[in-house]
file upload.txt (compact mmCIF, C-alpha atoms)
# COMPACT_ATOMS: atom_id res chain seq x y z
CA MET E 4 0.00 0.00 0.00
CA LYS E 5 1.37 3.42 -0.91
CA ARG E 6 1.86 5.98 1.82
CA ALA E 7 1.28 9.70 1.47
CA LYS E 8 4.19 12.06 2.13
CA PHE E 9 3.45 14.30 5.12
CA VAL E 10 4.85 17.84 5.04
CA SER E 11 4.40 20.55 7.68
CA ILE E 12 4.41 24.17 6.50
CA VAL E 13 5.90 25.96 9.48
CA ASN E 14 7.41 29.20 10.70
CA HIS E 15 7.14 30.61 14.21
CA LYS E 16 6.70 34.11 12.79
CA GLY E 17 3.43 35.25 11.28
CA GLY E 18 3.11 37.11 8.00
CA CYS E 19 5.40 34.79 6.05
CA LEU E 20 2.62 33.48 3.77
CA LYS E 21 2.35 30.03 5.37
CA THR E 22 -1.33 29.73 4.56
CA THR E 23 -0.94 31.21 1.08
CA VAL E 24 1.88 28.77 0.35
CA THR E 25 -0.09 25.82 1.73
CA ALA E 26 -3.20 26.56 -0.34
CA ASN E 27 -1.50 27.44 -3.60
CA LEU E 28 1.26 24.84 -3.41
CA GLY E 29 -1.47 22.28 -2.76
CA ALA E 30 -3.43 23.52 -5.78
CA ALA E 31 -0.31 23.48 -7.98
CA LEU E 32 0.49 19.92 -6.92
CA ALA E 33 -3.09 18.88 -7.66
CA ARG E 34 -2.80 20.45 -11.12
CA ALA E 35 0.38 18.42 -11.58
CA GLY E 36 -1.68 15.27 -11.13
CA LYS E 37 -1.17 14.62 -7.42
CA ARG E 38 -3.90 13.90 -4.91
CA VAL E 39 -3.39 16.40 -2.11
CA LEU E 40 -4.92 16.75 1.35
CA LEU E 41 -4.55 19.93 3.38
CA LEU E 42 -4.84 20.08 7.19
CA ASP E 43 -5.74 23.39 8.80
CA LEU E 44 -4.05 23.30 12.20
CA ASP E 45 -4.22 27.03 12.86
CA ALA E 46 -7.04 28.16 15.15
CA GLN E 47 -7.34 31.36 13.07
CA GLN E 48 -8.90 29.08 10.40
CA ASN E 49 -7.41 31.09 7.54
CA LEU E 50 -6.82 28.07 5.31
CA THR E 51 -10.34 26.81 5.89
CA GLN E 52 -11.92 30.18 5.19
CA SER E 53 -9.72 30.68 2.12
CA LEU E 54 -10.90 27.51 0.43
CA ILE E 55 -14.33 26.47 1.71
CA GLY E 56 -15.51 29.22 4.05
CA PRO E 57 -15.98 29.18 7.84
CA ILE E 58 -17.09 26.04 9.66
CA GLU E 59 -20.03 26.58 12.00
CA LEU E 60 -20.06 24.85 15.33
CA VAL E 61 -23.10 22.58 15.44
CA GLU E 62 -23.92 20.54 18.52
CA GLY E 63 -23.36 16.86 17.85
CA VAL E 64 -21.26 17.47 14.72
CA PRO E 65 -17.61 16.56 15.51
CA THR E 66 -14.77 18.92 14.61
CA LEU E 67 -11.01 18.56 14.23
CA TYR E 68 -10.70 19.59 17.87
CA ASP E 69 -13.02 16.74 18.88
CA ALA E 70 -11.01 14.27 16.80
CA LEU E 71 -7.79 15.27 18.56
CA VAL E 72 -9.35 15.07 22.01
CA GLU E 73 -10.84 11.65 21.29
CA GLN E 74 -7.85 10.53 19.18
CA ILE E 75 -10.01 9.20 16.38
CA SER E 76 -9.90 9.07 12.58
CA LEU E 77 -10.16 12.24 10.49
CA ASP E 78 -12.06 10.49 7.68
CA HIS E 79 -15.36 12.20 8.52
CA LEU E 80 -13.75 15.64 8.31
CA ILE E 81 -12.25 15.45 4.82
CA THR E 82 -13.95 18.01 2.58
CA ARG E 83 -13.57 18.67 -1.14
CA THR E 84 -12.46 22.06 -2.39
CA ASP E 85 -13.31 23.57 -5.76
CA GLU E 86 -9.85 22.54 -6.98
CA LYS E 87 -9.90 19.04 -8.49
CA GLY E 88 -7.63 16.69 -6.55
CA LEU E 89 -7.37 19.05 -3.56
CA ASP E 90 -9.21 18.27 -0.32
CA ILE E 91 -9.04 19.77 3.16
CA VAL E 92 -9.50 18.82 6.80
CA PRO E 93 -10.91 22.11 8.11
CA CYS E 94 -10.84 23.45 11.62
CA ALA E 95 -13.48 25.41 13.49
CA GLU E 96 -13.49 28.03 16.21
CA ASP E 97 -13.19 25.45 18.99
CA PHE E 98 -9.66 24.58 17.81
CA THR E 99 -8.44 27.44 20.01
CA GLY E 100 -8.61 24.94 22.87
CA ALA E 101 -6.48 22.28 21.18
CA ASP E 102 -3.17 23.22 22.76
CA LEU E 103 -4.56 23.24 26.29
CA SER E 104 -6.25 19.87 25.78
CA LEU E 105 -3.05 18.32 24.45
CA VAL E 106 -1.10 19.24 27.60
CA SER E 107 -2.66 16.45 29.64
CA ALA E 108 -2.98 13.90 26.83
CA PHE E 109 -1.05 10.63 27.06
CA GLY E 110 1.76 10.66 24.49
CA ARG E 111 0.82 14.26 23.81
CA GLU E 112 3.39 14.79 21.03
CA HIS E 113 1.87 11.97 18.97
CA VAL E 114 -1.89 12.59 19.25
CA LEU E 115 -2.20 13.85 15.67
CA ARG E 116 -0.13 10.93 14.40
CA ALA E 117 -2.55 8.55 16.15
CA CYS E 118 -5.48 10.24 14.40
CA LEU E 119 -3.77 10.05 11.02
CA GLU E 120 -2.90 6.38 11.48
CA GLN E 121 -6.61 5.64 11.85
CA THR E 122 -7.59 7.69 8.78
CA SER E 123 -8.17 5.13 6.04
CA ALA E 124 -8.73 7.73 3.30
CA LEU E 125 -5.06 8.74 3.46
CA GLN E 126 -4.26 5.87 1.12
CA ASP E 127 -5.98 7.91 -1.61
CA TYR E 128 -3.51 10.81 -1.31
CA ASP E 129 0.02 11.39 -2.50
CA ILE E 130 0.84 14.40 -0.34
CA VAL E 131 -0.52 15.83 2.91
CA LEU E 132 0.32 19.48 3.67
CA MET E 133 -0.23 20.78 7.20
CA ASP E 134 -0.70 24.51 7.76
CA CYS E 135 0.74 25.19 11.23
CA PRO E 136 0.06 28.17 13.52
CA PRO E 137 2.78 30.82 13.89
CA SER E 138 3.83 29.72 17.36
CA ILE E 139 5.86 27.30 19.41
CA SER E 140 3.04 25.07 20.59
CA LEU E 141 1.98 21.48 21.13
CA VAL E 142 -0.11 21.66 17.95
CA VAL E 143 3.03 22.51 15.97
CA VAL E 144 4.99 19.77 17.75
CA ASN E 145 2.22 17.31 16.86
CA ALA E 146 2.31 18.34 13.21
CA LEU E 147 6.08 17.99 13.01
CA ALA E 148 6.07 14.68 14.87
CA ALA E 149 3.53 13.35 12.34
CA SER E 150 5.49 14.64 9.34
CA ASP E 151 8.21 13.22 7.15
CA LEU E 152 9.38 16.68 6.13
CA PHE E 153 8.89 20.35 6.89
CA LEU E 154 8.90 23.36 4.59
CA VAL E 155 9.65 26.86 5.85
CA PRO E 156 8.28 29.96 4.10
CA CYS E 157 10.44 32.97 5.02
CA SER E 158 9.56 36.48 3.92
CA ALA E 159 12.38 38.50 2.37
CA GLU E 160 12.93 40.64 5.45
CA TYR E 161 15.61 40.77 8.11
CA LEU E 162 13.64 39.80 11.25
CA PRO E 163 11.99 36.65 9.79
CA MET E 164 15.43 35.52 8.62
CA VAL E 165 16.79 35.95 12.16
CA GLY E 166 13.80 34.00 13.45
CA LEU E 167 14.91 30.92 11.51
CA ALA E 168 17.47 30.27 14.26
CA LEU E 169 14.66 30.05 16.83
CA LEU E 170 12.77 27.67 14.56
CA GLY E 171 15.91 25.55 14.19
CA ASN E 172 16.21 25.21 17.96
CA SER E 173 12.60 24.09 18.20
CA ILE E 174 13.00 21.57 15.38
CA ALA E 175 16.04 20.08 17.14
CA LYS E 176 13.88 19.41 20.19
CA VAL E 177 11.10 17.86 18.10
CA GLN E 178 13.58 15.54 16.40
CA LYS E 179 14.12 13.85 19.75
CA VAL E 180 10.61 12.41 19.43
CA ALA E 181 10.60 12.37 15.60
CA PRO E 182 14.17 11.47 14.57
CA GLU E 183 13.24 10.88 10.91
CA LEU E 184 11.95 14.44 10.40
CA GLN E 185 13.86 16.29 7.67
CA LEU E 186 13.95 19.82 6.27
CA LEU E 187 12.69 19.87 2.68
CA GLY E 188 13.77 23.47 2.29
CA VAL E 189 13.20 27.16 2.93
CA VAL E 190 11.15 29.23 0.46
CA ILE E 191 11.58 32.99 0.17
CA THR E 192 8.23 34.79 0.02
CA LEU E 193 7.16 38.42 -0.48
CA TYR E 194 10.15 38.86 -2.77
CA ALA E 195 10.65 42.05 -4.77
CA ARG E 196 13.85 42.11 -6.78
CA ASN E 197 13.92 45.90 -6.91
CA GLU E 198 14.14 46.08 -3.11
CA ARG E 199 17.68 45.91 -1.79
CA VAL E 200 16.70 44.19 1.46
CA CYS E 201 15.15 41.30 -0.50
CA ARG E 202 18.35 40.74 -2.45
CA GLN E 203 20.42 40.96 0.75
CA VAL E 204 18.23 38.47 2.60
CA GLU E 205 18.36 36.06 -0.33
CA SER E 206 22.15 36.32 -0.45
CA LEU E 207 22.49 35.67 3.29
CA LEU E 208 20.08 32.74 3.22
CA ARG E 209 21.87 31.26 0.21
CA ARG E 210 25.16 31.53 2.08
CA ASP E 211 23.81 29.93 5.25
CA LEU E 212 21.44 27.33 3.78
CA GLY E 213 23.01 26.41 0.46
CA GLU E 214 20.88 23.86 -1.38
CA LYS E 215 18.26 23.92 1.38
CA LEU E 216 17.07 27.26 0.02
CA PHE E 217 14.58 26.77 -2.81
CA GLU E 218 15.53 28.33 -6.13
CA THR E 219 11.89 29.34 -6.55
CA ARG E 220 10.89 32.64 -4.97
CA ILE E 221 7.30 33.70 -4.28
CA ARG E 222 7.07 37.29 -5.40
CA VAL E 223 4.92 40.05 -3.91
CA ASN E 224 1.51 39.65 -5.48
CA THR E 225 -1.59 41.66 -4.60
CA LYS E 226 -3.83 39.10 -6.31
CA ALA E 227 -2.65 36.40 -3.91
CA LYS E 228 -3.97 38.61 -1.09
CA SER E 229 -7.35 39.00 -2.76
CA ALA E 230 -7.97 35.40 -3.84
CA PRO E 231 -8.90 34.02 -0.37
CA GLY E 232 -11.67 36.63 -0.11
CA VAL E 233 -13.55 34.87 -2.90
CA ARG E 234 -12.39 31.37 -1.85
CA LYS E 235 -10.17 30.79 -4.84
CA THR E 236 -6.62 29.64 -5.32
CA ILE E 237 -4.29 31.93 -7.24
CA PHE E 238 -4.77 29.79 -10.35
CA ASP E 239 -8.51 30.38 -10.57
CA TYR E 240 -8.25 33.97 -9.43
CA GLU E 241 -5.61 35.00 -11.97
CA SER E 242 -6.94 32.71 -14.70
CA ASP E 243 -3.77 33.46 -16.62
CA LYS E 244 -0.96 30.98 -17.33
CA GLN E 245 1.49 33.88 -17.30
CA GLY E 246 0.11 35.42 -14.10
CA ARG E 247 2.77 36.11 -11.48
CA GLY E 248 1.26 33.84 -8.84
CA THR E 249 0.48 31.07 -11.31
CA VAL E 250 4.06 31.08 -12.57
CA ASP E 251 5.58 31.20 -9.08
CA PHE E 252 3.48 28.46 -7.50
CA THR E 253 3.76 26.19 -10.55
CA ALA E 254 7.54 26.52 -10.30
CA LEU E 255 7.40 25.90 -6.54
CA ALA E 256 5.40 22.70 -7.05
CA ASP E 257 7.84 21.49 -9.72
CA GLU E 258 10.81 22.08 -7.43
CA PHE E 259 8.92 20.55 -4.48
CA LEU E 260 8.36 17.34 -6.45
CA ARG E 261 11.97 17.24 -7.65
CA ARG E 262 13.16 17.50 -4.07
CA LEU E 263 10.83 14.71 -2.96
CA GLU E 264 12.14 12.53 -5.77
CA ALA E 265 15.75 13.30 -4.86
CA LEU E 266 15.12 12.40 -1.21
CA ALA E 267 13.44 9.14 -2.24
CA GLU E 268 16.40 8.24 -4.44
CA ALA E 269 18.85 9.08 -1.66
CA THR E 270 16.92 6.89 0.76
CA ASN E 271 16.96 3.99 -1.68
CA GLU E 272 20.69 4.43 -2.18
CA ARG E 273 21.28 4.31 1.56
CA LEU E 274 19.21 1.16 1.80
CA VAL E 275 21.26 -0.44 -0.93
CA VAL E 276 24.55 0.60 0.65
CA HIS E 277 23.61 -0.69 4.07
CA GLY E 278 21.80 -3.71 2.73
call {"tool": "encode", "arguments": {"input": "upload.txt", "output": "structure tokens"}}
result
Amino acid sequence: MKRAKFVSIVNHKGGCLKTTVTANLGAALARAGKRVLLLDLDAQQNLTQSLIGPIELVEGVPTLYDALVEQISLDHLITRTDEKGLDIVPCAEDFTGADLSLVSAFGREHVLRACLEQTSALQDYDIVLMDCPPSISLVVVNALAASDLFLVPCSAEYLPMVGLALLGNSIAKVQKVAPELQLLGVVITLYARNERVCRQVESLLRRDLGEKLFETRIRVNTKAKSAPGVRKTIFDYESDKQGRGTVDFTALADEFLRRLEALAEATNERLVVHG
């Protein structure tokens, strides 16, 4: 049985386009023929509202928060989006209590993993992208502990770049309970080539990260800000193959898939060497 690749989209600092990257990377991967599931793990519900609209709390209707508390399958929560091949596990307003509830849970770092292991529909997906809140929290730890890889959007500014060190320290702690977790790469967002600070940040990140920095850059794009308001991905909103967002996120998905393939080949090579 095939197994989906689980990737957390994470950065402890807000405003780095985590949700925008999650939604539009997911859509680009779906357009490349992959079956993609998104998980909205941010209590602000931005991913959910961007793609399917807000989820109302209805008595007797279980939510993602309920699934975590009860440590049950997420099958009943999977919802289609308007993008073919792209589905979402939404969250509702009650998810604000998730972190507090996880504190007293047995094996609290692996509650989400337990839910995912019971979710039979995951066999239908190639990639699962998890949109994490901009914080150091048990929800983020759960996402990372359930992931194979993590992807870091970093806006082309000085302070978010400095914040990567804090994120690195947190990841090191998570790897004690999830030793297989690997960095897929860092993606520069809100990039404007005519701004000197953007070029400086890119140069510094390239120096420090080397190949871990994606070649693809997500440029400043006002349409990407407007698309969630009408519950569309950048592809439907721009409706233009040469649109800035369409070009950027298509390139990001291509590089994303190349990196996954390279990691798979490297893993196979290691198995052969040690076998």
call {"tool": "closest_residue", "arguments": {"input": "upload.txt", "among": "E:Gly100, E:Gly18, E:Pro156, E:Pro93", "to": "Lys228 (chain E)", "atoms": "only C-alpha atoms"}}
result
E:Gly18
call {"tool": "atom_distance", "arguments": {"input": "upload.txt", "atom1": "CA of Thr22 (chain E)", "atom2": "CA of Asn49 (chain E)"}}
result
6.9 Å
call {"tool": "atom_distance", "arguments": {"input": "upload.txt", "atom1": "CA of Arg116 (chain E)", "atom2": "CA of Leu212 (chain E)"}}
result
29.1 Å
call {"tool": "atom_distance", "arguments": {"input": "upload.txt", "atom1": "CA of Gly88 (chain E)", "atom2": "CA of His113 (chain E)"}}
result
27.6 Å
call {"tool": "closest_residue", "arguments": {"input": "upload.txt", "among": "E:Val204, E:Ile12, E:Leu263, E:Leu40", "to": "Val24 (chain E)", "atoms": "all atoms listed in the file"}}
result
E:Ile12
call {"tool": "residues_around", "arguments": {"input": "upload.txt", "residues": "Leu103 (chain E)", "least_positions_apart": "4", "cutoff": "9 Å", "atoms": "all atoms listed in the file", "output": "NGL selection string"}}
result
:E and (99 or 107 or 141)
call {"tool": "residues_around", "arguments": {"input": "upload.txt", "residues": "Asp251 (chain E)", "least_positions_apart": "2", "cutoff": "9 Å", "atoms": "all atoms listed in the file", "output": "PDB file with C-alpha atoms, in the frame of the given file"}}
result
ATOM      1  CA  THR E 219      11.890  29.340  -6.550  1.00  0.00           C
ATOM      2  CA  ARG E 220      10.890  32.640  -4.970  1.00  0.00           C
ATOM      3  CA  ILE E 221       7.300  33.700  -4.280  1.00  0.00           C
ATOM      4  CA  ARG E 222       7.070  37.290  -5.400  1.00  0.00           C
ATOM      5  CA  GLY E 246       0.110  35.420 -14.100  1.00  0.00           C
ATOM      6  CA  ARG E 247       2.770  36.110 -11.480  1.00  0.00           C
ATOM      7  CA  GLY E 248       1.260  33.840  -8.840  1.00  0.00           C
ATOM      8  CA  THR E 249       0.480  31.070 -11.310  1.00  0.00           C
ATOM      9  CA  THR E 253       3.760  26.190 -10.550  1.00  0.00           C
ATOM     10  CA  ALA E 254       7.540  26.520 -10.300  1.00  0.00           C
ATOM     11  CA  LEU E 255       7.400  25.900  -6.540  1.00  0.00           C
ATOM     12  CA  ALA E 256       5.400  22.700  -7.050  1.00  0.00           C
TER      13      ALA E 256
END
call {"tool": "residues_around", "arguments": {"input": "upload.txt", "residues": "Val177 (chain E)", "least_positions_apart": "6", "cutoff": "8 Å", "atoms": "only C-alpha atoms", "output": "VMD selection string"}}
result
chain E and resid 144 147 to 148
call {"tool": "closest_residue", "arguments": {"input": "upload.txt", "among": "E:Arg202, E:Gly56, E:Glu214, E:Ser11", "to": "Thr84 (chain E)", "atoms": "all atoms listed in the file"}}
result
E:Gly56
call {"tool": "closest_residue", "arguments": {"input": "upload.txt", "among": "E:Ser173, E:Ser242, E:Thr66, E:Asn14", "to": "Val190 (chain E)", "atoms": "all atoms listed in the file"}}
result
E:Asn14
call {"tool": "residues_around", "arguments": {"input": "upload.txt", "residues": "region 157-163 of chain E", "least_positions_apart": "2", "cutoff": "12 Å", "atoms": "all atoms listed in the file", "output": "ChimeraX atom specification"}}
result
/E:12-21,24,137,154-155,165-170,188-208,216-217,220-223
call {"tool": "closest_residue", "arguments": {"input": "upload.txt", "among": "E:Ala227, E:Ala265, E:Val114, E:Leu54", "to": "Asp85 (chain E)", "atoms": "only C-alpha atoms"}}
result
E:Leu54
call {"tool": "closest_residue", "arguments": {"input": "upload.txt", "among": "E:Ala175, E:Ala31, E:Val10, E:Met133", "to": "Ile237 (chain E)", "atoms": "only C-alpha atoms"}}
result
E:Ala31
